[in-house]
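Note: the block below is input.pdb and it holds PDB, C-alpha atoms.
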```
ATOM      1  CA  MET A1403     -11.084  23.867  -7.725
ATOM      2  CA  ARG A1404     -12.435  23.296 -11.230
ATOM      3  CA  VAL A1405      -8.914  23.051 -12.624
ATOM      4  CA  PHE A1406      -7.959  20.556  -9.920
ATOM      5  CA  LEU A1407     -11.028  18.408 -10.568
ATOM      6  CA  GLU A1408     -10.250  18.363 -14.275
ATOM      7  CA  ARG A1409      -6.676  17.298 -13.575
ATOM      8  CA  PHE A1410      -7.886  14.656 -11.112
ATOM      9  CA  LYS A1411     -10.206  13.317 -13.792
ATOM     10  CA  GLN A1412      -7.293  13.080 -16.217
ATOM     11  CA  VAL A1413      -5.237  11.217 -13.621
ATOM     12  CA  TYR A1414      -8.143   8.836 -13.047
ATOM     13  CA  LEU A1415      -8.530   8.169 -16.775
ATOM     14  CA  ARG A1416      -4.841   7.277 -17.067
ATOM     15  CA  LEU A1417      -5.172   4.888 -14.124
ATOM     16  CA  THR A1418      -8.425   3.080 -14.927
ATOM     17  CA  LEU A1419      -6.701  -0.244 -15.678
ATOM     18  CA  PHE A1420      -4.950   0.057 -12.323
ATOM     19  CA  LEU A1421      -7.896   1.336 -10.294
ATOM     20  CA  TRP A1422     -10.780  -0.915 -11.245
ATOM     21  CA  PRO A1423      -9.145  -4.246 -10.371
ATOM     22  CA  LEU A1424      -8.136  -2.658  -7.068
ATOM     23  CA  ILE A1425     -11.641  -1.355  -6.434
ATOM     24  CA  THR A1426     -13.060  -4.811  -7.175
ATOM     25  CA  VAL A1427     -10.706  -6.405  -4.645
ATOM     26  CA  LEU A1428     -11.468  -3.738  -2.041
ATOM     27  CA  LEU A1429     -15.210  -4.240  -2.455
ATOM     28  CA  GLY A1430     -14.730  -7.982  -2.005
ATOM     29  CA  ILE A1431     -12.730  -7.360   1.175
ATOM     30  CA  LEU A1432     -15.413  -4.997   2.456
ATOM     31  CA  LEU A1433     -18.172  -7.527   1.876
ATOM     32  CA  ALA A1434     -16.148 -10.266   3.543
ATOM     33  CA  ARG A1435     -15.278  -8.041   6.469
ATOM     34  CA  LEU A1436     -18.944  -7.239   7.047
ATOM     35  CA  THR A1437     -19.589 -10.929   7.692
ATOM     36  CA  VAL A1438     -16.649 -11.705   9.991
ATOM     37  CA  SER A1439     -14.975 -10.023  12.943
ATOM     38  CA  ARG A1440     -11.521  -8.458  13.077
ATOM     39  CA  THR A1441     -10.328 -11.443  15.100
ATOM     40  CA  THR A1442     -11.736 -14.019  12.691
ATOM     41  CA  ALA A1443     -10.178 -12.261   9.695
ATOM     42  CA  TYR A1444      -6.816 -12.028  11.433
ATOM     43  CA  PHE A1445      -6.610 -15.679  12.455
ATOM     44  CA  PHE A1446      -7.872 -16.883   9.076
ATOM     45  CA  ILE A1447      -4.937 -15.138   7.399
ATOM     46  CA  ASN A1448      -2.564 -16.173  10.176
ATOM     47  CA  HIS A1449      -3.325 -19.828   9.528
ATOM     48  CA  LEU A1450      -2.404 -19.632   5.827
ATOM     49  CA  HIS A1451       1.339 -19.943   6.384
ATOM     50  CA  THR A1452       3.570 -22.083   4.175
ATOM     51  CA  PRO A1453       7.348 -22.688   4.131
ATOM     52  CA  ALA A1454       7.587 -20.807   0.820
ATOM     53  CA  GLY A1455       5.639 -17.868   2.212
ATOM     54  CA  ASP A1456       7.807 -17.752   5.324
ATOM     55  CA  LEU A1457      10.820 -17.500   3.054
ATOM     56  CA  LEU A1458       9.512 -15.007   0.488
ATOM     57  CA  PHE A1459       7.286 -12.538   2.325
ATOM     58  CA  PRO A1460      10.006 -11.068   4.568
ATOM     59  CA  TYR A1461      11.702  -9.985   1.320
ATOM     60  CA  ILE A1462       8.528  -8.906  -0.454
ATOM     61  CA  THR A1463       7.549  -6.676   2.451
ATOM     62  CA  GLU A1464      10.752  -4.679   1.957
ATOM     63  CA  LEU A1465       9.326  -3.310  -1.299
ATOM     64  CA  GLY A1466       7.224  -1.059   0.932
ATOM     65  CA  SER A1467      10.095   0.019   3.174
ATOM     66  CA  THR A1468      11.734   3.419   3.490
ATOM     67  CA  VAL A1469      14.922   1.989   1.989
ATOM     68  CA  ALA A1470      13.041   0.824  -1.108
ATOM     69  CA  ALA A1471      11.384   4.238  -1.424
ATOM     70  CA  ILE A1472      14.751   5.985  -1.333
ATOM     71  CA  LEU A1473      16.409   3.580  -3.771
ATOM     72  CA  LEU A1474      13.564   3.667  -6.284
ATOM     73  CA  SER A1475      13.290   7.446  -6.147
ATOM     74  CA  ALA A1476      17.061   7.785  -6.564
ATOM     75  CA  ALA A1477      17.104   5.395  -9.532
ATOM     76  CA  LEU A1478      14.326   7.302 -11.257
ATOM     77  CA  LEU A1479      16.073  10.608 -10.595
ATOM     78  CA  VAL A1480      19.010   9.280 -12.617
ATOM     79  CA  PHE A1481      17.011   8.007 -15.598
ATOM     80  CA  HIS A1482      13.762  10.021 -15.426
ATOM     81  CA  ARG A1483      14.472  13.102 -13.349
ATOM     82  CA  ARG A1484      10.952  14.530 -13.263
ATOM     83  CA  ILE A1485       9.325  11.191 -12.492
ATOM     84  CA  GLY A1486      11.864  10.600  -9.734
ATOM     85  CA  MET A1487      11.029  13.978  -8.212
ATOM     86  CA  VAL A1488       7.303  13.275  -8.407
ATOM     87  CA  LEU A1489       7.709   9.842  -6.822
ATOM     88  CA  GLY A1490      10.014  11.079  -4.058
ATOM     89  CA  SER A1491       7.723  13.963  -3.148
ATOM     90  CA  ALA A1492       4.636  11.703  -3.336
ATOM     91  CA  TYR A1493       6.316   9.313  -0.888
ATOM     92  CA  LEU A1494       6.883  12.196   1.536
ATOM     93  CA  PHE A1495       3.309  13.435   1.127
ATOM     94  CA  THR A1496       1.569  10.097   1.701
ATOM     95  CA  ALA A1497       3.999   9.016   4.435
ATOM     96  CA  ALA A1498       3.284  12.236   6.342
ATOM     97  CA  ILE A1499      -0.455  11.594   6.152
ATOM     98  CA  GLY A1500      -0.002   7.998   7.264
ATOM     99  CA  GLY A1501       2.297   9.011  10.111
ATOM    100  CA  VAL A1502      -0.161  11.564  11.447
ATOM    101  CA  LEU A1503      -2.981   9.012  11.330
ATOM    102  CA  LYS A1504      -0.863   6.411  13.117
ATOM    103  CA  ILE A1505      -0.229   8.813  15.998
ATOM    104  CA  TRP A1506      -3.750  10.217  16.080
ATOM    105  CA  ILE A1507      -5.559   6.841  16.002
ATOM    106  CA  GLY A1508      -3.005   4.908  18.049
ATOM    107  CA  PHE A1509      -4.443   1.448  17.407
ATOM    108  CA  PRO A1510      -2.449  -1.509  18.814
ATOM    109  CA  ARG A1511      -0.658  -3.885  16.507
ATOM    110  CA  PRO A1512      -1.745  -7.557  16.517
ATOM    111  CA  HIS A1513       1.019  -8.612  18.922
ATOM    112  CA  ARG A1514      -0.285  -6.200  21.542
ATOM    113  CA  TYR A1515      -3.984  -6.545  20.666
ATOM    114  CA  PHE A1516      -3.780 -10.325  21.166
ATOM    115  CA  ALA A1517      -1.316 -10.228  24.063
ATOM    116  CA  HIS A1518      -3.579 -12.606  25.992
ATOM    117  CA  ARG A1519      -3.455 -15.301  23.301
ATOM    118  CA  LEU A1520      -0.049 -15.110  21.680
ATOM    119  CA  HIS A1521       0.171 -18.893  21.914
ATOM    120  CA  ASP A1522      -2.533 -19.087  19.221
ATOM    121  CA  ILE A1523      -0.572 -16.975  16.724
ATOM    122  CA  TYR A1524       1.910 -18.272  14.193
ATOM    123  CA  PHE A1525       4.938 -15.989  13.909
ATOM    124  CA  VAL A1526       7.275 -16.219  10.931
ATOM    125  CA  PRO A1527      10.667 -17.458  12.175
ATOM    126  CA  GLY A1528      13.320 -14.756  12.230
ATOM    127  CA  VAL A1529      10.878 -11.860  11.811
ATOM    128  CA  GLN A1530      10.835  -9.202  14.521
ATOM    129  CA  VAL A1531       7.178  -8.549  15.279
ATOM    130  CA  LEU A1532       6.372  -4.970  16.226
ATOM    131  CA  ASP A1533       4.483  -4.313  19.449
ATOM    132  CA  ASN A1534       3.220  -0.736  19.654
ATOM    133  CA  PHE A1535       0.228   1.510  19.004
ATOM    134  CA  ARG A1536       1.047   2.368  15.379
ATOM    135  CA  SER A1537      -0.958  -0.289  13.569
ATOM    136  CA  PHE A1538      -3.476   1.815  11.608
ATOM    137  CA  PRO A1539      -2.852   2.476   8.763
ATOM    138  CA  SER A1540      -0.087   0.296   7.348
ATOM    139  CA  GLY A1541       2.854   2.478   6.370
ATOM    140  CA  HIS A1542       4.465  -0.168   4.171
ATOM    141  CA  THR A1543       1.198  -0.543   2.265
ATOM    142  CA  ILE A1544       0.862   3.207   1.796
ATOM    143  CA  CYS A1545       4.418   3.307   0.499
ATOM    144  CA  ALA A1546       3.889   0.387  -1.891
ATOM    145  CA  PHE A1547       0.674   1.778  -3.343
ATOM    146  CA  THR A1548       2.188   5.236  -3.676
ATOM    147  CA  ALA A1549       4.938   3.779  -5.846
ATOM    148  CA  ALA A1550       2.536   1.566  -7.783
ATOM    149  CA  THR A1551       0.232   4.504  -8.548
ATOM    150  CA  VAL A1552       3.038   6.755  -9.767
ATOM    151  CA  LEU A1553       4.610   4.001 -11.876
ATOM    152  CA  ALA A1554       1.236   3.049 -13.359
ATOM    153  CA  TYR A1555       0.508   6.694 -14.172
ATOM    154  CA  TYR A1556       3.744   7.123 -16.112
ATOM    155  CA  ALA A1557       3.844   3.677 -17.710
ATOM    156  CA  ARG A1558       3.965   3.779 -21.508
ATOM    157  CA  ASN A1559       2.327   0.358 -21.641
ATOM    158  CA  ARG A1560      -0.863   0.490 -19.561
ATOM    159  CA  TYR A1561      -0.720  -3.245 -18.836
ATOM    160  CA  TRP A1562       2.367  -2.738 -16.689
ATOM    161  CA  SER A1563       0.013  -1.144 -14.174
ATOM    162  CA  LEU A1564      -1.352  -4.625 -13.394
ATOM    163  CA  LEU A1565       2.129  -5.774 -12.403
ATOM    164  CA  TYR A1566       2.619  -2.725 -10.181
ATOM    165  CA  LEU A1567      -0.767  -3.360  -8.595
ATOM    166  CA  ALA A1568       0.046  -7.033  -7.968
ATOM    167  CA  LEU A1569       3.355  -6.155  -6.304
ATOM    168  CA  ALA A1570       1.707  -3.541  -4.078
ATOM    169  CA  MET A1571      -0.979  -6.020  -3.071
ATOM    170  CA  LEU A1572       1.674  -8.588  -2.197
ATOM    171  CA  VAL A1573       3.354  -6.030   0.050
ATOM    172  CA  GLY A1574       0.044  -5.369   1.771
ATOM    173  CA  TYR A1575      -0.587  -9.071   2.231
ATOM    174  CA  SER A1576       2.929  -9.560   3.583
ATOM    175  CA  ARG A1577       2.160  -7.136   6.425
ATOM    176  CA  MET A1578      -0.702  -9.376   7.549
ATOM    177  CA  TYR A1579       1.184 -12.578   6.833
ATOM    178  CA  MET A1580       3.929 -11.503   9.223
ATOM    179  CA  SER A1581       1.447 -10.370  11.913
ATOM    180  CA  GLN A1582       2.458  -6.716  11.713
ATOM    181  CA  HIS A1583      -1.012  -5.448  10.736
ATOM    182  CA  PHE A1584      -4.717  -6.204  10.573
ATOM    183  CA  LEU A1585      -6.763  -6.418   7.383
ATOM    184  CA  GLU A1586      -8.213  -2.959   8.097
ATOM    185  CA  ASP A1587      -4.736  -1.432   8.393
ATOM    186  CA  VAL A1588      -3.666  -2.761   5.015
ATOM    187  CA  THR A1589      -6.925  -1.887   3.269
ATOM    188  CA  ALA A1590      -6.786   1.662   4.586
ATOM    189  CA  GLY A1591      -3.130   1.900   3.576
ATOM    190  CA  ALA A1592      -3.991   0.933   0.006
ATOM    191  CA  VAL A1593      -6.847   3.439  -0.223
ATOM    192  CA  LEU A1594      -4.829   6.257   1.326
ATOM    193  CA  GLY A1595      -1.771   5.531  -0.778
ATOM    194  CA  VAL A1596      -3.697   5.521  -4.051
ATOM    195  CA  PHE A1597      -6.053   8.424  -3.341
ATOM    196  CA  PHE A1598      -3.492  10.885  -2.003
ATOM    197  CA  THR A1599      -1.004   9.935  -4.709
ATOM    198  CA  MET A1600      -3.691  10.744  -7.268
ATOM    199  CA  VAL A1601      -4.187  14.081  -5.529
ATOM    200  CA  TRP A1602      -0.431  14.697  -5.703
ATOM    201  CA  LEU A1603      -0.293  13.731  -9.369
ATOM    202  CA  SER A1604      -3.174  16.105 -10.057
ATOM    203  CA  PHE A1605      -0.996  18.984  -8.886
ATOM    204  CA  PHE A1606       2.482  17.891  -9.963
ATOM    205  CA  GLY A1607       2.119  14.847 -12.187
ATOM    206  CA  GLY A1608       2.732  16.270 -15.639
ATOM    207  CA  LYS A1609       2.517  13.499 -18.246
ATOM    208  CA  GLU A1610       4.998  14.690 -20.807
ATOM    209  CA  GLU A1611       7.460  12.002 -19.706
ATOM    210  CA  GLN A1612       6.758   8.272 -19.629
ATOM    211  CA  LEU A1613       8.544   5.207 -18.414
ATOM    212  CA  SER A1614       9.816   2.851 -21.066
ATOM    213  CA  ARG A1615       8.158  -0.540 -21.459
TER
END
```

I need this file expressed as structure tokens, please.
Amino acid sequence: MRVFLERFKQVYLRLTLFLWPLITVLLGILLARLTVSRTTAYFFINHLHTPAGDLLFPYITELGSTVAAILLSAALLVFHRRIGMVLGSAYLFTAAIGGVLKIWIGFPRPHRYFAHRLHDIYFVPGVQVLDNFRSFPSGHTICAFTAATVLAYYARNRYWSLLYLALAMLVGYSRMYMSQHFLEDVTAGAVLGVFFTMVWLSFFGGKEEQLSR
């Protein structure tokens, strides 16, 4: 346990520029959420649609998809074999945790939760909205933050971690923008993705290899 805690501390120290902006945002979300209901938060975000957002977010959300996970892991395996293996295995680890939680909690997605007032919801044209009991946590967000954490950990230039964080946050926002998830689903996905990826890196992360700038 002592060895693991020491390794976890090392992982944390390499990720401070990535973690503290995220923690600040999460604390802001928590404070906001304490003052408004789930419904209020959902409809506030739902009313922020723009033509540009309707065009871009269906593509941005794919950065957290299974296809993106496979392609990114495969690309890294070619150019940075160890990092590719770490990322691929971290994806499997965090996705398994998220999948178990989805089944165990079984919370309805917005389309089902608000089945009685669908006329009040704006749906992005052309986007298939899911309607099941797999809302919590957001799998796309877990996937995006898993990748962002691994890439930030191995980045030679620490400031690249801010770009990875921004992209992961956009993926999380896209899940709410397209009415696939609630704010709580995305927030939990970010926390789970980052924390369990840090755990994985503490065991298998080795830092002898870095990504180029």

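For the pair CA of His1451 in chain A and CA of Val1526 in chain A, the separation is 8.4 Å.
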
Checklist line | Test item: the PyMOL selection byres ((chain A and resi 1575) around 10) resolved as a PyMOL selection string | finding: chain A and resi 1447+1459+1462-1463+1543+1569-1574+1576-1581+1583-1585+1588-1589

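For the pair CA of Trp1422 in chain A and CA of Ala1554 in chain A, the separation is 12.8 Å.
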
In Å, rounded to a single decimal, give me how far CA of Thr1548 in chain A is from CA of Tyr1461 in chain A.
->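 Answer for the CA of Tyr1461 in chain A to CA of Thr1548 in chain A separation: 18.6 Å.
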
Counting only C-alpha atoms, note down every residue that has an atom within 8 Å of the point (-3.2, 0.7, 19.3) (file coordinates), as an MDAnalysis selection string. chainID A and resid 1507:1511 1514:1515 1534:1538

Q. Residues at most 6 Å from range 1596-1608 of chain A, counting all atoms listed in the file, excluding those fewer than 2 positions away in the same chain, as a list in words?
A.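 That gives Arg1409, Phe1410, Phe1547, Thr1548, Val1593, Leu1594 and Glu1610 of chain A.
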
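The nearest approach to Gly1490 in chain A among the residues A:Leu1503, A:Ser1475, A:Val1438, A:Leu1421, with all atoms listed in the file taken into account, belongs to A:Ser1475.
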
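Using all atoms listed in the file, the contacts of Ala1471 in chain A at a cut-off of 9 Å, with sequence neighbours closer than 4 positions omitted, comprise A:Leu1465, A:Gly1466, A:Ser1467, A:Ser1475, A:Ala1476, A:Leu1489, A:Gly1490, A:Tyr1493, A:Cys1545, A:Ala1546, A:Ala1549.
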
Problem - Residue with smallest distance to Ala1492 in chain A - pool A:Leu1433, A:Ala1550, A:Ile1505, A:Val1480, counting all atoms listed in the file - result: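 Checking each of A:Leu1433, A:Ala1550, A:Ile1505, A:Val1480 against Ala1492 in chain A, counting all atoms listed in the file, the winner is A:Ala1550.
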
Of A:Leu1428, A:Tyr1444, A:Val1502, A:Tyr1555, the one nearest to Ala1590 in chain A when counting all atoms listed in the file is A:Leu1428

*For the file shown, report as an MDAnalysis selection string the outcome of the PyMOL selection byres ((chain A and resi 1541) around 7) at residue level.*
chainID A and resid 1497 1500 1539:1540 1542:1545 1591

Those same residues - C-alpha atoms - I'd like them written as an mmCIF file, keeping the file's coordinate frame.
```cif
data_model
loop_
_atom_site.group_PDB
_atom_site.id
_atom_site.type_symbol
_atom_site.label_atom_id
_atom_site.label_comp_id
_atom_site.auth_asym_id
_atom_site.auth_seq_id
_atom_site.Cartn_x
_atom_site.Cartn_y
_atom_site.Cartn_z
ATOM 1 C CA ALA A 1497 3.999 9.016 4.435
ATOM 2 C CA GLY A 1500 -0.002 7.998 7.264
ATOM 3 C CA PRO A 1539 -2.852 2.476 8.763
ATOM 4 C CA SER A 1540 -0.087 0.296 7.348
ATOM 5 C CA HIS A 1542 4.465 -0.168 4.171
ATOM 6 C CA THR A 1543 1.198 -0.543 2.265
ATOM 7 C CA ILE A 1544 0.862 3.207 1.796
ATOM 8 C CA CYS A 1545 4.418 3.307 0.499
ATOM 9 C CA GLY A 1591 -3.130 1.900 3.576
#
```

Counting all atoms listed in the file, closest pick from A:Thr1551, A:His1482, A:Leu1564, A:Thr1442 relative to Val1413 in chain A is A:Thr1551

In terms of all atoms listed in the file, the residue from A:Gly1430, A:Phe1481, A:His1449, A:Gly1595 at minimal distance from Phe1495 in chain A is A:Gly1595

Some atoms are absent from range 1585-1596 of chain A, so rebuild all heavy atoms and return them as an mmCIF file, in the frame of the given file.
```cif
data_model
loop_
_atom_site.group_PDB
_atom_site.id
_atom_site.type_symbol
_atom_site.label_atom_id
_atom_site.label_comp_id
_atom_site.auth_asym_id
_atom_site.auth_seq_id
_atom_site.Cartn_x
_atom_site.Cartn_y
_atom_site.Cartn_z
ATOM 1 N N LEU A 1585 -6.193 -6.620 8.716
ATOM 2 C CA LEU A 1585 -6.763 -6.418 7.383
ATOM 3 C C LEU A 1585 -7.175 -4.960 7.182
ATOM 4 O O LEU A 1585 -6.956 -4.381 6.112
ATOM 5 C CB LEU A 1585 -7.962 -7.348 7.192
ATOM 6 C CG LEU A 1585 -8.709 -7.250 5.857
ATOM 7 C CD1 LEU A 1585 -7.791 -7.626 4.699
ATOM 8 C CD2 LEU A 1585 -9.938 -8.166 5.873
ATOM 9 N N GLU A 1586 -7.774 -4.352 8.207
ATOM 10 C CA GLU A 1586 -8.213 -2.959 8.097
ATOM 11 C C GLU A 1586 -7.043 -2.007 7.879
ATOM 12 O O GLU A 1586 -7.154 -1.021 7.142
ATOM 13 C CB GLU A 1586 -8.964 -2.545 9.363
ATOM 14 C CG GLU A 1586 -10.281 -3.256 9.582
ATOM 15 C CD GLU A 1586 -10.117 -4.612 10.272
ATOM 16 O OE1 GLU A 1586 -8.958 -5.046 10.487
ATOM 17 O OE2 GLU A 1586 -11.151 -5.221 10.601
ATOM 18 N N ASP A 1587 -5.918 -2.286 8.526
ATOM 19 C CA ASP A 1587 -4.736 -1.432 8.393
ATOM 20 C C ASP A 1587 -4.232 -1.422 6.956
ATOM 21 O O ASP A 1587 -3.873 -0.376 6.407
ATOM 22 C CB ASP A 1587 -3.604 -1.935 9.299
ATOM 23 C CG ASP A 1587 -4.018 -2.105 10.740
ATOM 24 O OD1 ASP A 1587 -4.972 -1.437 11.172
ATOM 25 O OD2 ASP A 1587 -3.389 -2.923 11.436
ATOM 26 N N VAL A 1588 -4.189 -2.610 6.370
ATOM 27 C CA VAL A 1588 -3.666 -2.761 5.015
ATOM 28 C C VAL A 1588 -4.636 -2.170 3.993
ATOM 29 O O VAL A 1588 -4.223 -1.481 3.043
ATOM 30 C CB VAL A 1588 -3.403 -4.252 4.733
ATOM 31 C CG1 VAL A 1588 -3.126 -4.483 3.259
ATOM 32 C CG2 VAL A 1588 -2.240 -4.745 5.577
ATOM 33 N N THR A 1589 -5.924 -2.427 4.185
ATOM 34 C CA THR A 1589 -6.925 -1.887 3.269
ATOM 35 C C THR A 1589 -6.901 -0.369 3.285
ATOM 36 O O THR A 1589 -6.915 0.281 2.230
ATOM 37 C CB THR A 1589 -8.327 -2.391 3.654
ATOM 38 O OG1 THR A 1589 -8.331 -3.820 3.668
ATOM 39 C CG2 THR A 1589 -9.361 -1.902 2.658
ATOM 40 N N ALA A 1590 -6.854 0.204 4.474
ATOM 41 C CA ALA A 1590 -6.786 1.662 4.586
ATOM 42 C C ALA A 1590 -5.501 2.193 3.968
ATOM 43 O O ALA A 1590 -5.501 3.236 3.301
ATOM 44 C CB ALA A 1590 -6.870 2.078 6.051
ATOM 45 N N GLY A 1591 -4.392 1.477 4.162
ATOM 46 C CA GLY A 1591 -3.130 1.900 3.576
ATOM 47 C C GLY A 1591 -3.197 1.946 2.062
ATOM 48 O O GLY A 1591 -2.673 2.880 1.435
ATOM 49 N N ALA A 1592 -3.848 0.959 1.461
ATOM 50 C CA ALA A 1592 -3.991 0.933 0.006
ATOM 51 C C ALA A 1592 -4.832 2.117 -0.476
ATOM 52 O O ALA A 1592 -4.469 2.813 -1.430
ATOM 53 C CB ALA A 1592 -4.626 -0.377 -0.434
ATOM 54 N N VAL A 1593 -5.954 2.347 0.174
ATOM 55 C CA VAL A 1593 -6.847 3.439 -0.223
ATOM 56 C C VAL A 1593 -6.153 4.795 -0.060
ATOM 57 O O VAL A 1593 -6.188 5.644 -0.963
ATOM 58 C CB VAL A 1593 -8.151 3.399 0.593
ATOM 59 C CG1 VAL A 1593 -9.000 4.643 0.313
ATOM 60 C CG2 VAL A 1593 -8.946 2.142 0.273
ATOM 61 N N LEU A 1594 -5.513 4.994 1.079
ATOM 62 C CA LEU A 1594 -4.829 6.257 1.326
ATOM 63 C C LEU A 1594 -3.680 6.467 0.345
ATOM 64 O O LEU A 1594 -3.493 7.564 -0.193
ATOM 65 C CB LEU A 1594 -4.299 6.292 2.761
ATOM 66 C CG LEU A 1594 -5.339 6.380 3.872
ATOM 67 C CD1 LEU A 1594 -4.696 6.134 5.235
ATOM 68 C CD2 LEU A 1594 -6.023 7.743 3.855
ATOM 69 N N GLY A 1595 -2.897 5.418 0.133
ATOM 70 C CA GLY A 1595 -1.771 5.531 -0.778
ATOM 71 C C GLY A 1595 -2.202 5.910 -2.179
ATOM 72 O O GLY A 1595 -1.619 6.800 -2.808
ATOM 73 N N VAL A 1596 -3.236 5.255 -2.692
ATOM 74 C CA VAL A 1596 -3.697 5.521 -4.051
ATOM 75 C C VAL A 1596 -4.368 6.894 -4.145
ATOM 76 O O VAL A 1596 -4.046 7.697 -5.032
ATOM 77 C CB VAL A 1596 -4.670 4.419 -4.516
ATOM 78 C CG1 VAL A 1596 -5.310 4.807 -5.849
ATOM 79 C CG2 VAL A 1596 -3.938 3.096 -4.655
#
```
